[in-house]
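For reference, work36.cif (mmCIF, C-alpha atoms):
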```cif
data_input
loop_
_atom_site.group_PDB
_atom_site.id
_atom_site.type_symbol
_atom_site.label_atom_id
_atom_site.label_comp_id
_atom_site.auth_asym_id
_atom_site.auth_seq_id
_atom_site.Cartn_x
_atom_site.Cartn_y
_atom_site.Cartn_z
ATOM 1 C CA MET A 12 18.570 5.095 -30.783
ATOM 2 C CA THR A 13 20.636 7.852 -29.168
ATOM 3 C CA GLN A 14 17.836 9.949 -27.655
ATOM 4 C CA ARG A 15 14.472 9.572 -25.971
ATOM 5 C CA GLU A 16 11.777 12.138 -25.432
ATOM 6 C CA LEU A 17 10.168 12.416 -22.055
ATOM 7 C CA GLY A 18 7.309 14.450 -23.487
ATOM 8 C CA PRO A 19 5.471 16.967 -21.333
ATOM 9 C CA LEU A 20 3.570 14.423 -19.233
ATOM 10 C CA GLY A 21 4.601 11.432 -17.146
ATOM 11 C CA LEU A 22 3.452 9.514 -14.078
ATOM 12 C CA TRP A 23 4.988 9.366 -10.595
ATOM 13 C CA THR A 24 4.141 6.525 -8.198
ATOM 14 C CA TRP A 25 4.990 4.569 -5.057
ATOM 15 C CA ALA A 26 2.417 1.928 -5.962
ATOM 16 C CA PHE A 27 4.765 -0.572 -7.629
ATOM 17 C CA ASP A 28 6.510 -1.339 -4.323
ATOM 18 C CA ARG A 29 3.550 -3.337 -3.000
ATOM 19 C CA GLN A 30 2.933 -5.324 -6.168
ATOM 20 C CA PRO A 31 4.466 -8.566 -7.474
ATOM 21 C CA ALA A 32 6.830 -8.257 -10.404
ATOM 22 C CA THR A 33 4.332 -9.762 -12.850
ATOM 23 C CA LEU A 34 1.769 -7.019 -12.218
ATOM 24 C CA VAL A 35 4.433 -4.306 -12.342
ATOM 25 C CA ARG A 36 5.581 -5.495 -15.760
ATOM 26 C CA GLU A 37 2.022 -5.568 -17.094
ATOM 27 C CA ALA A 38 1.244 -2.100 -15.743
ATOM 28 C CA ALA A 39 4.461 -0.588 -17.116
ATOM 29 C CA ALA A 40 3.770 -1.978 -20.574
ATOM 30 C CA GLU A 41 0.267 -0.513 -20.472
ATOM 31 C CA LEU A 42 1.524 2.912 -19.361
ATOM 32 C CA GLU A 43 3.864 2.934 -22.339
ATOM 33 C CA GLU A 44 0.996 2.133 -24.692
ATOM 34 C CA LEU A 45 -1.138 4.861 -23.088
ATOM 35 C CA GLY A 46 1.416 7.405 -24.278
ATOM 36 C CA PHE A 47 3.009 8.711 -21.091
ATOM 37 C CA GLY A 48 6.552 9.923 -21.629
ATOM 38 C CA ALA A 49 8.087 8.668 -18.387
ATOM 39 C CA ILE A 50 7.485 6.508 -15.331
ATOM 40 C CA TRP A 51 8.897 8.009 -12.120
ATOM 41 C CA PHE A 52 9.152 6.110 -8.835
ATOM 42 C CA GLY A 53 10.409 6.778 -5.320
ATOM 43 C CA GLU A 54 12.657 4.754 -3.051
ATOM 44 C CA ALA A 55 11.965 3.838 0.564
ATOM 45 C CA PHE A 56 11.505 0.297 1.875
ATOM 46 C CA GLY A 57 10.048 -1.461 -1.118
ATOM 47 C CA ARG A 58 12.224 -2.436 -4.056
ATOM 48 C CA ASP A 59 15.565 -0.695 -4.205
ATOM 49 C CA THR A 60 15.847 1.915 -6.936
ATOM 50 C CA VAL A 61 18.134 -0.154 -9.162
ATOM 51 C CA GLY A 62 15.968 -3.272 -9.064
ATOM 52 C CA GLN A 63 12.815 -1.258 -9.672
ATOM 53 C CA ALA A 64 14.364 0.535 -12.641
ATOM 54 C CA TRP A 65 15.544 -2.719 -14.196
ATOM 55 C CA LEU A 66 12.115 -4.292 -13.749
ATOM 56 C CA LEU A 67 10.347 -1.359 -15.430
ATOM 57 C CA LEU A 68 12.855 -0.963 -18.228
ATOM 58 C CA SER A 69 12.849 -4.659 -19.074
ATOM 59 C CA ALA A 70 9.048 -4.625 -19.339
ATOM 60 C CA THR A 71 8.961 -1.715 -21.812
ATOM 61 C CA GLU A 72 10.571 -0.670 -25.089
ATOM 62 C CA ARG A 73 10.411 3.122 -25.426
ATOM 63 C CA ILE A 74 9.286 4.908 -22.275
ATOM 64 C CA VAL A 75 11.821 6.676 -20.032
ATOM 65 C CA VAL A 76 12.143 5.253 -16.509
ATOM 66 C CA ALA A 77 13.236 7.757 -13.863
ATOM 67 C CA SER A 78 14.180 7.441 -10.212
ATOM 68 C CA GLY A 79 12.544 10.187 -8.233
ATOM 69 C CA ILE A 80 14.703 9.906 -6.219
ATOM 70 C CA ALA A 81 17.458 7.364 -5.550
ATOM 71 C CA ASN A 82 18.308 8.074 -1.918
ATOM 72 C CA VAL A 83 21.979 8.972 -1.410
ATOM 73 C CA ALA A 84 21.654 7.927 2.240
ATOM 74 C CA LEU A 85 21.058 4.319 1.273
ATOM 75 C CA ARG A 86 23.773 3.622 -1.288
ATOM 76 C CA ASP A 87 27.505 4.145 -1.655
ATOM 77 C CA PRO A 88 28.446 6.364 -4.643
ATOM 78 C CA LEU A 89 30.452 3.506 -6.164
ATOM 79 C CA ALA A 90 27.395 1.234 -6.152
ATOM 80 C CA MET A 91 25.238 3.995 -7.637
ATOM 81 C CA ALA A 92 27.732 4.855 -10.370
ATOM 82 C CA THR A 93 28.202 1.258 -11.506
ATOM 83 C CA ALA A 94 24.433 0.613 -11.456
ATOM 84 C CA GLU A 95 23.838 3.780 -13.473
ATOM 85 C CA ARG A 96 26.313 2.591 -16.094
ATOM 86 C CA ALA A 97 24.774 -0.866 -16.255
ATOM 87 C CA LEU A 98 21.256 0.494 -16.734
ATOM 88 C CA GLY A 99 22.447 3.085 -19.242
ATOM 89 C CA GLU A 100 24.281 0.479 -21.312
ATOM 90 C CA ALA A 101 21.475 -2.093 -21.232
ATOM 91 C CA PHE A 102 18.698 0.420 -22.016
ATOM 92 C CA PRO A 103 20.306 3.224 -24.056
ATOM 93 C CA GLY A 104 18.770 6.654 -23.530
ATOM 94 C CA ARG A 105 15.906 5.386 -21.363
ATOM 95 C CA TYR A 106 17.167 5.661 -17.775
ATOM 96 C CA LEU A 107 17.100 8.955 -15.877
ATOM 97 C CA LEU A 108 18.790 8.940 -12.467
ATOM 98 C CA GLY A 109 17.279 11.316 -9.937
ATOM 99 C CA LEU A 110 19.385 11.786 -6.797
ATOM 100 C CA GLY A 111 18.313 13.115 -3.421
ATOM 101 C CA GLY A 112 17.798 12.100 0.164
ATOM 102 C CA HIS A 113 17.004 13.118 3.716
ATOM 103 C CA ARG A 114 20.261 12.810 5.658
ATOM 104 C CA VAL A 115 20.487 15.824 7.938
ATOM 105 C CA ALA A 116 23.681 17.099 9.559
ATOM 106 C CA GLY A 117 24.017 15.710 13.073
ATOM 107 C CA ARG A 118 20.541 14.156 13.165
ATOM 108 C CA PRO A 119 19.661 10.568 12.231
ATOM 109 C CA VAL A 120 16.310 9.916 10.582
ATOM 110 C CA ASP A 121 13.894 7.369 12.038
ATOM 111 C CA ALA A 122 12.047 5.736 9.158
ATOM 112 C CA ASP A 123 9.495 3.162 10.315
ATOM 113 C CA GLY A 124 11.832 2.028 13.079
ATOM 114 C CA TYR A 125 14.887 1.882 10.846
ATOM 115 C CA THR A 126 17.494 4.528 11.595
ATOM 116 C CA ILE A 127 19.160 6.229 8.652
ATOM 117 C CA PRO A 128 22.436 7.678 9.964
ATOM 118 C CA ALA A 129 23.087 11.393 9.998
ATOM 119 C CA GLY A 130 25.092 12.858 7.169
ATOM 120 C CA GLY A 131 26.641 16.200 6.307
ATOM 121 C CA LYS A 132 24.951 19.382 5.251
ATOM 122 C CA PRO A 133 22.713 18.595 2.256
ATOM 123 C CA LEU A 134 24.495 20.764 -0.303
ATOM 124 C CA ALA A 135 27.992 19.544 0.611
ATOM 125 C CA LEU A 136 26.704 15.961 0.839
ATOM 126 C CA MET A 137 25.239 16.068 -2.668
ATOM 127 C CA ARG A 138 28.277 17.761 -4.153
ATOM 128 C CA GLY A 139 30.541 15.167 -2.564
ATOM 129 C CA TYR A 140 28.313 12.328 -3.744
ATOM 130 C CA LEU A 141 28.470 13.582 -7.335
ATOM 131 C CA ASP A 142 32.242 13.972 -7.077
ATOM 132 C CA ALA A 143 32.563 10.411 -5.801
ATOM 133 C CA MET A 144 30.334 9.011 -8.557
ATOM 134 C CA ASP A 145 32.344 10.807 -11.220
ATOM 135 C CA ALA A 146 35.584 9.414 -9.801
ATOM 136 C CA VAL A 147 34.546 5.748 -10.032
ATOM 137 C CA PRO A 148 36.685 4.028 -12.704
ATOM 138 C CA SER A 149 34.964 2.105 -15.466
ATOM 139 C CA HIS A 150 35.848 -1.513 -16.212
ATOM 140 C CA GLY A 151 32.859 -2.418 -18.334
ATOM 141 C CA PRO A 152 30.930 -1.331 -21.427
ATOM 142 C CA VAL A 153 30.498 2.429 -21.781
ATOM 143 C CA PRO A 154 26.858 3.545 -22.120
ATOM 144 C CA ASP A 155 26.047 5.477 -25.301
ATOM 145 C CA PRO A 156 24.487 7.920 -24.749
ATOM 146 C CA ALA A 157 25.712 8.555 -21.205
ATOM 147 C CA PRO A 158 22.851 8.330 -18.675
ATOM 148 C CA ARG A 159 21.365 11.617 -17.504
ATOM 149 C CA ARG A 160 21.178 12.714 -13.858
ATOM 150 C CA VAL A 161 18.931 15.197 -12.075
ATOM 151 C CA ILE A 162 18.770 16.317 -8.447
ATOM 152 C CA GLY A 163 15.628 16.413 -6.323
ATOM 153 C CA ALA A 164 16.304 20.103 -5.711
ATOM 154 C CA LEU A 165 14.077 22.571 -3.870
ATOM 155 C CA GLY A 166 16.146 25.474 -2.514
ATOM 156 C CA PRO A 167 18.111 27.916 -4.679
ATOM 157 C CA LYS A 168 21.560 26.563 -3.797
ATOM 158 C CA MET A 169 20.598 22.979 -4.604
ATOM 159 C CA LEU A 170 18.969 24.161 -7.831
ATOM 160 C CA GLU A 171 22.192 25.948 -8.743
ATOM 161 C CA LEU A 172 24.124 22.728 -8.107
ATOM 162 C CA ALA A 173 21.647 20.820 -10.287
ATOM 163 C CA ALA A 174 22.199 23.293 -13.124
ATOM 164 C CA LYS A 175 25.990 23.170 -12.845
ATOM 165 C CA ARG A 176 26.570 19.464 -12.262
ATOM 166 C CA THR A 177 23.606 17.558 -13.721
ATOM 167 C CA TRP A 178 21.015 17.616 -16.488
ATOM 168 C CA GLY A 179 18.595 19.516 -14.267
ATOM 169 C CA ALA A 180 16.166 19.285 -11.361
ATOM 170 C CA HIS A 181 13.213 17.215 -10.172
ATOM 171 C CA PRO A 182 11.268 19.254 -7.578
ATOM 172 C CA TYR A 183 8.675 17.284 -5.599
ATOM 173 C CA PHE A 184 5.585 18.551 -3.721
ATOM 174 C CA VAL A 185 5.777 22.094 -5.097
ATOM 175 C CA PRO A 186 3.317 24.728 -6.343
ATOM 176 C CA VAL A 187 3.496 26.554 -9.665
ATOM 177 C CA ALA A 188 5.126 29.472 -7.841
ATOM 178 C CA HIS A 189 8.112 27.236 -7.123
ATOM 179 C CA THR A 190 8.338 26.228 -10.783
ATOM 180 C CA VAL A 191 8.675 29.904 -11.682
ATOM 181 C CA LYS A 192 11.512 30.379 -9.164
ATOM 182 C CA ALA A 193 13.199 27.116 -10.124
ATOM 183 C CA ARG A 194 13.328 28.095 -13.791
ATOM 184 C CA GLN A 195 14.785 31.481 -12.860
ATOM 185 C CA VAL A 196 17.578 29.799 -10.883
ATOM 186 C CA LEU A 197 18.254 27.025 -13.397
ATOM 187 C CA GLY A 198 18.282 29.315 -16.405
ATOM 188 C CA PRO A 199 16.909 28.450 -19.840
ATOM 189 C CA GLY A 200 18.887 25.279 -20.557
ATOM 190 C CA PRO A 201 18.634 22.677 -17.769
ATOM 191 C CA PHE A 202 15.775 20.206 -17.559
ATOM 192 C CA LEU A 203 12.986 20.891 -15.057
ATOM 193 C CA GLY A 204 10.698 17.947 -14.297
ATOM 194 C CA VAL A 205 8.041 18.701 -11.668
ATOM 195 C CA GLU A 206 5.989 16.225 -9.613
ATOM 196 C CA GLN A 207 2.308 17.145 -9.205
ATOM 197 C CA PRO A 208 -0.001 15.287 -6.759
ATOM 198 C CA VAL A 209 -3.544 14.840 -8.059
ATOM 199 C CA VAL A 210 -6.870 13.645 -6.675
ATOM 200 C CA LEU A 211 -8.999 12.541 -9.602
ATOM 201 C CA ASP A 212 -12.556 12.810 -8.310
ATOM 202 C CA THR A 213 -15.455 14.807 -9.752
ATOM 203 C CA ASP A 214 -16.907 15.225 -6.248
ATOM 204 C CA VAL A 215 -14.881 18.367 -5.527
ATOM 205 C CA SER A 216 -15.688 18.540 -1.811
ATOM 206 C CA ARG A 217 -14.605 14.939 -1.246
ATOM 207 C CA ALA A 218 -11.536 15.384 -3.432
ATOM 208 C CA ARG A 219 -10.463 18.465 -1.515
ATOM 209 C CA GLU A 220 -10.660 16.654 1.817
ATOM 210 C CA VAL A 221 -8.510 13.836 0.447
ATOM 211 C CA ALA A 222 -6.051 16.433 -0.835
ATOM 212 C CA ARG A 223 -5.947 18.195 2.545
ATOM 213 C CA ALA A 224 -5.315 14.931 4.420
ATOM 214 C CA TYR A 225 -2.490 13.968 2.063
ATOM 215 C CA LEU A 226 -0.864 17.379 2.354
ATOM 216 C CA ALA A 227 -1.120 17.411 6.158
ATOM 217 C CA ALA A 228 0.562 14.027 6.506
ATOM 218 C CA TYR A 229 3.324 14.873 4.076
ATOM 219 C CA ALA A 230 4.151 18.392 5.307
ATOM 220 C CA SER A 231 4.296 17.290 8.951
ATOM 221 C CA GLY A 232 6.623 14.378 8.217
ATOM 222 C CA ALA A 233 9.095 16.051 5.852
ATOM 223 C CA PRO A 234 11.011 18.987 7.395
ATOM 224 C CA HIS A 235 12.754 19.860 4.130
ATOM 225 C CA GLN A 236 9.369 20.237 2.441
ATOM 226 C CA ALA A 237 8.076 22.443 5.261
ATOM 227 C CA ALA A 238 11.194 24.611 4.934
ATOM 228 C CA ASN A 239 10.551 24.985 1.226
ATOM 229 C CA LEU A 240 6.956 26.037 1.852
ATOM 230 C CA ARG A 241 8.185 28.714 4.257
ATOM 231 C CA ARG A 242 10.528 30.037 1.560
ATOM 232 C CA LEU A 243 7.494 30.341 -0.686
ATOM 233 C CA GLY A 244 5.653 32.482 1.865
ATOM 234 C CA PHE A 245 3.477 29.973 3.721
ATOM 235 C CA GLY A 246 3.331 30.404 7.486
ATOM 236 C CA ASP A 247 3.824 27.714 10.115
ATOM 237 C CA ASP A 248 0.121 27.840 10.956
ATOM 238 C CA GLU A 249 -0.781 27.170 7.314
ATOM 239 C CA ILE A 250 1.578 24.201 7.236
ATOM 240 C CA ALA A 251 0.594 22.680 10.596
ATOM 241 C CA GLU A 252 -3.127 22.877 9.776
ATOM 242 C CA PRO A 253 -3.111 23.114 5.976
ATOM 243 C CA SER A 254 -4.863 26.255 4.849
ATOM 244 C CA SER A 255 -7.093 26.306 1.793
ATOM 245 C CA ARG A 256 -4.484 28.504 0.120
ATOM 246 C CA LEU A 257 -1.791 25.877 0.661
ATOM 247 C CA VAL A 258 -3.998 22.959 -0.385
ATOM 248 C CA ASP A 259 -4.959 24.724 -3.607
ATOM 249 C CA ALA A 260 -1.335 25.651 -4.343
ATOM 250 C CA ILE A 261 0.201 22.198 -3.894
ATOM 251 C CA MET A 262 -2.614 19.866 -4.859
ATOM 252 C CA VAL A 263 -4.877 19.683 -7.856
ATOM 253 C CA TYR A 264 -8.188 17.902 -7.502
ATOM 254 C CA GLY A 265 -11.378 17.420 -9.446
ATOM 255 C CA ASP A 266 -11.841 16.384 -13.057
ATOM 256 C CA LEU A 267 -9.469 16.046 -15.981
ATOM 257 C CA SER A 268 -9.892 19.657 -17.056
ATOM 258 C CA ALA A 269 -8.635 20.893 -13.674
ATOM 259 C CA ILE A 270 -5.613 18.615 -13.854
ATOM 260 C CA GLU A 271 -4.855 19.555 -17.441
ATOM 261 C CA GLU A 272 -5.044 23.231 -16.498
ATOM 262 C CA ARG A 273 -2.521 22.761 -13.681
ATOM 263 C CA VAL A 274 -0.148 20.883 -15.985
ATOM 264 C CA GLY A 275 -0.384 23.770 -18.413
ATOM 265 C CA GLN A 276 0.428 26.240 -15.639
ATOM 266 C CA HIS A 277 3.615 24.363 -14.723
ATOM 267 C CA LEU A 278 4.665 24.176 -18.378
ATOM 268 C CA ALA A 279 3.966 27.876 -18.891
ATOM 269 C CA ALA A 280 5.997 28.631 -15.747
ATOM 270 C CA GLY A 281 9.060 26.924 -17.187
ATOM 271 C CA ALA A 282 8.723 23.181 -16.565
ATOM 272 C CA ASP A 283 9.759 20.835 -19.360
ATOM 273 C CA HIS A 284 7.870 17.885 -17.941
ATOM 274 C CA VAL A 285 5.195 17.270 -15.298
ATOM 275 C CA CYS A 286 4.792 13.860 -13.647
ATOM 276 C CA LEU A 287 1.388 13.250 -12.054
ATOM 277 C CA GLN A 288 1.103 11.306 -8.801
ATOM 278 C CA VAL A 289 -2.354 9.883 -8.072
ATOM 279 C CA VAL A 290 -3.125 10.122 -4.349
ATOM 280 C CA GLY A 291 -6.090 9.055 -2.265
ATOM 281 C CA ASN A 292 -6.339 5.577 -3.742
ATOM 282 C CA ASP A 293 -5.912 2.275 -1.894
ATOM 283 C CA PRO A 294 -2.130 2.029 -1.300
ATOM 284 C CA GLY A 295 -2.276 -1.716 -1.739
ATOM 285 C CA THR A 296 -3.501 -1.570 -5.327
ATOM 286 C CA LEU A 297 -2.326 -0.002 -8.554
ATOM 287 C CA PRO A 298 -4.395 3.063 -9.584
ATOM 288 C CA LEU A 299 -4.859 1.680 -13.081
ATOM 289 C CA ALA A 300 -8.294 3.222 -13.622
ATOM 290 C CA ALA A 301 -6.974 6.684 -12.741
ATOM 291 C CA TRP A 302 -3.890 6.245 -14.926
ATOM 292 C CA ARG A 303 -6.064 5.222 -17.852
ATOM 293 C CA GLU A 304 -8.289 8.239 -17.320
ATOM 294 C CA LEU A 305 -5.297 10.588 -17.087
ATOM 295 C CA SER A 306 -3.965 9.294 -20.397
ATOM 296 C CA ALA A 307 -6.723 11.311 -22.077
ATOM 297 C CA ILE A 308 -4.743 14.513 -21.422
ATOM 298 C CA VAL A 309 -1.436 13.205 -22.807
ATOM 299 C CA PRO A 310 -0.716 15.393 -25.858
ATOM 300 C CA THR A 311 -0.893 13.357 -29.039
ATOM 301 C CA ASP A 312 1.189 15.891 -30.961
ATOM 302 C CA ARG A 313 4.443 16.379 -29.065
ATOM 303 C CA SER A 314 5.335 19.329 -31.261
ATOM 304 C CA ARG A 315 2.850 21.311 -29.173
ATOM 305 C CA ARG A 316 5.502 21.520 -26.486
ATOM 306 C CA THR A 317 9.270 21.112 -26.720
ATOM 307 C CA ALA A 318 10.001 18.179 -24.440
ATOM 308 C CA GLY A 319 13.162 17.349 -22.558
ATOM 309 C CA GLN A 320 15.363 14.767 -24.213
ATOM 310 C CA LEU A 321 17.795 12.246 -22.842
ATOM 311 C CA ARG A 322 20.612 13.042 -25.202
#
```

Just give me the structure of the file as structure tokens.
Amino acid sequence: MTQRELGPLGLWTWAFDRQPATLVREAAAELEELGFGAIWFGEAFGRDTVGQAWLLLSATERIVVASGIANVALRDPLAMATAERALGEAFPGRYLLGLGGHRVAGRPVDADGYTIPAGGKPLALMRGYLDAMDAVPSHGPVPDPAPRRVIGALGPKMLELAAKRTWGAHPYFVPVAHTVKARQVLGPGPFLGVEQPVVLDTDVSRAREVARAYLAAYASGAPHQAANLRRLGFGDDEIAEPSSRLVDAIMVYGDLSAIEERVGQHLAAGADHVCLQVVGNDPGTLPLAAWRELSAIVPTDRSRRTAGQLR
């Protein structure tokens, strides 16, 4: 097969990092059967992005597996390019490489006591990384189709780079207002796959407090995300002590109808695909019950929405 549909709805998770390979394989196979179009995962200090992708792809037959993102601070471009080719050749049309990272010019990043060295300015760093990947010679089988790449882009310049040099963009931790702006910058062609954090709880008051706590921890620990929120018109006071306006813009909480409505808003704003991240669950366990419940809003007729394709 030379193409794979992502469909309008996927899942995004960190949860596989804490689980043994056997459970990851079982969960991935179930997610495929539940109808989700893609499994997205991050990269920090669990499995490396290449190993995680191979584990998920080998446990499934049809679903797209996407890195969201593979951190450019942790891997030489040569290693990333050769891994991309290997995954693309072994699992044709099913691997989507998302690139990003947090190296800041002149400032190392302390991540749980491990220091990630400082890099260049983000835009120049990403452009150079793509150039270096493209320059790596091939001495093995050529993937057919060629694997697709996206950038974890937030600001307009990075979105422009994503449109010019890759298949599209994978914004993370963004409101619908950002999806509107991202589509305007990308134009009508490039892929736009948006991460959406969700708290699936019918007790709205409890769900909102979980959402507020998650947002507070994330915004305070990710300067690039705070900068993006400022670009969208949120003040420093709203970010430091998350306002109700900010919580409601970034998070979606409550029952399935609320989550389905938010997905529809992103799609109407120009997204091709929305990947839902379940938050507020025990980080040491897989949120299988929530994933099963969310599968009820996966469209059964994909003609209802033109999905992105890995082609």

Margin query: I'd like the contact shell of range 261-273 of chain A - 10 Å cut-off, all atoms listed in the file, skipping same-chain residues fewer than 4 positions apart - returned as a PyMOL selection string.
Written below: chain A and resi 183-189+207-223+225-226+240+256-257+277-279+285+287+289-290+304-309

request  = Identify which of the residues A:Ala282, A:Ile162, A:Ala143, A:Leu297 lies closest to Ala26 in chain A, counting only C-alpha atoms when measuring atom-to-atom distances.
outcome  =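 Once distances to Ala26 in chain A are computed over only C-alpha atoms, the minimum belongs to A:Leu297.
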
_I want to know what sits within 7 Å of range 47-63 of chain A, based on only C-alpha atoms, with residues of the same chain fewer than 4 positions away left out; could you give that as a ChimeraX atom specification?_
/A:16-18,20-25,28,42-43,67,74-82,94,309

Q | Polymer residues at most 6 Å from range 164-166 of chain A, only C-alpha atoms, same-chain spacing of 4 or more positions, as an NGL selection string | A | :A and (170 or 180 or 182)

Residues of the last selection are to be written out with C-alpha atoms, as a PDB file, in the coordinates of the input.
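The result, stored in result-v6.pdb:
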```
ATOM      1  CA  LEU A 170      18.969  24.161  -7.831  1.00  0.00           C
ATOM      2  CA  ALA A 180      16.166  19.285 -11.361  1.00  0.00           C
ATOM      3  CA  PRO A 182      11.268  19.254  -7.578  1.00  0.00           C
TER       4      PRO A 182
END
```

With distances taken over only C-alpha atoms, the candidate from A:Ala38, A:Leu243, A:Met169, A:Val191 nearest Arg303 in chain A is A:Ala38

(message) With 12 Å as the threshold, what does the neighbourhood of (13.7, 28.1, -21.5) contain in terms of residues, counting all atoms listed in the file? Coordinates are those of the file; answer as an MDAnalysis selection string.
(response) chainID A and resid 191 193:203 278:283 316:319

Since the input lacks some atoms of range 48-55 of chain A, please model all heavy atoms and print them as a CSV table (one decimal), in the coordinates of the input.
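Result saved to out07.csv:
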```
chain,number,residue,atom,x,y,z
A,48,GLY,N,5.2,9.8,-21.2
A,48,GLY,CA,6.6,9.9,-21.6
A,48,GLY,C,7.5,9.3,-20.7
A,48,GLY,O,8.7,9.0,-21.0
A,49,ALA,N,7.2,9.2,-19.4
A,49,ALA,CA,8.1,8.7,-18.4
A,49,ALA,C,7.3,8.1,-17.2
A,49,ALA,O,6.2,8.5,-16.9
A,49,ALA,CB,9.0,9.8,-17.9
A,50,ILE,N,8.0,7.1,-16.6
A,50,ILE,CA,7.5,6.5,-15.3
A,50,ILE,C,8.5,6.9,-14.3
A,50,ILE,O,9.7,6.5,-14.4
A,50,ILE,CB,7.4,5.0,-15.4
A,50,ILE,CG1,6.4,4.6,-16.5
A,50,ILE,CG2,6.9,4.4,-14.1
A,50,ILE,CD1,6.4,3.0,-16.8
A,51,TRP,N,8.1,7.6,-13.2
A,51,TRP,CA,8.9,8.0,-12.1
A,51,TRP,C,8.5,7.2,-10.9
A,51,TRP,O,7.3,6.9,-10.7
A,51,TRP,CB,8.7,9.5,-11.8
A,51,TRP,CG,9.1,10.4,-12.9
A,51,TRP,CD1,8.5,10.7,-14.0
A,51,TRP,CD2,10.3,11.3,-12.9
A,51,TRP,NE1,9.1,11.7,-14.7
A,51,TRP,CE2,10.3,12.0,-14.1
A,51,TRP,CE3,11.4,11.4,-12.0
A,51,TRP,CZ2,11.3,12.9,-14.4
A,51,TRP,CZ3,12.4,12.3,-12.3
A,51,TRP,CH2,12.3,13.1,-13.5
A,52,PHE,N,9.5,6.9,-10.1
A,52,PHE,CA,9.2,6.1,-8.8
A,52,PHE,C,10.1,6.5,-7.7
A,52,PHE,O,11.2,7.0,-8.0
A,52,PHE,CB,9.3,4.6,-9.1
A,52,PHE,CG,10.7,4.2,-9.5
A,52,PHE,CD1,11.6,3.8,-8.6
A,52,PHE,CD2,11.0,4.2,-10.8
A,52,PHE,CE1,12.9,3.4,-9.0
A,52,PHE,CE2,12.3,3.9,-11.2
A,52,PHE,CZ,13.3,3.5,-10.3
A,53,GLY,N,9.6,6.4,-6.5
A,53,GLY,CA,10.4,6.8,-5.3
A,53,GLY,C,11.2,5.6,-4.8
A,53,GLY,O,11.2,4.5,-5.4
A,54,GLU,N,11.9,5.8,-3.7
A,54,GLU,CA,12.7,4.8,-3.1
A,54,GLU,C,12.5,4.9,-1.5
A,54,GLU,O,12.9,5.9,-1.0
A,54,GLU,CB,14.1,4.8,-3.4
A,54,GLU,CG,14.9,3.7,-2.8
A,54,GLU,CD,16.4,3.6,-3.1
A,54,GLU,OE1,17.0,4.7,-3.3
A,54,GLU,OE2,16.9,2.5,-3.2
A,55,ALA,N,12.1,3.8,-0.9
A,55,ALA,CA,12.0,3.8,0.6
A,55,ALA,C,12.3,2.4,1.0
A,55,ALA,O,13.4,2.0,1.1
A,55,ALA,CB,10.6,4.3,1.0
```
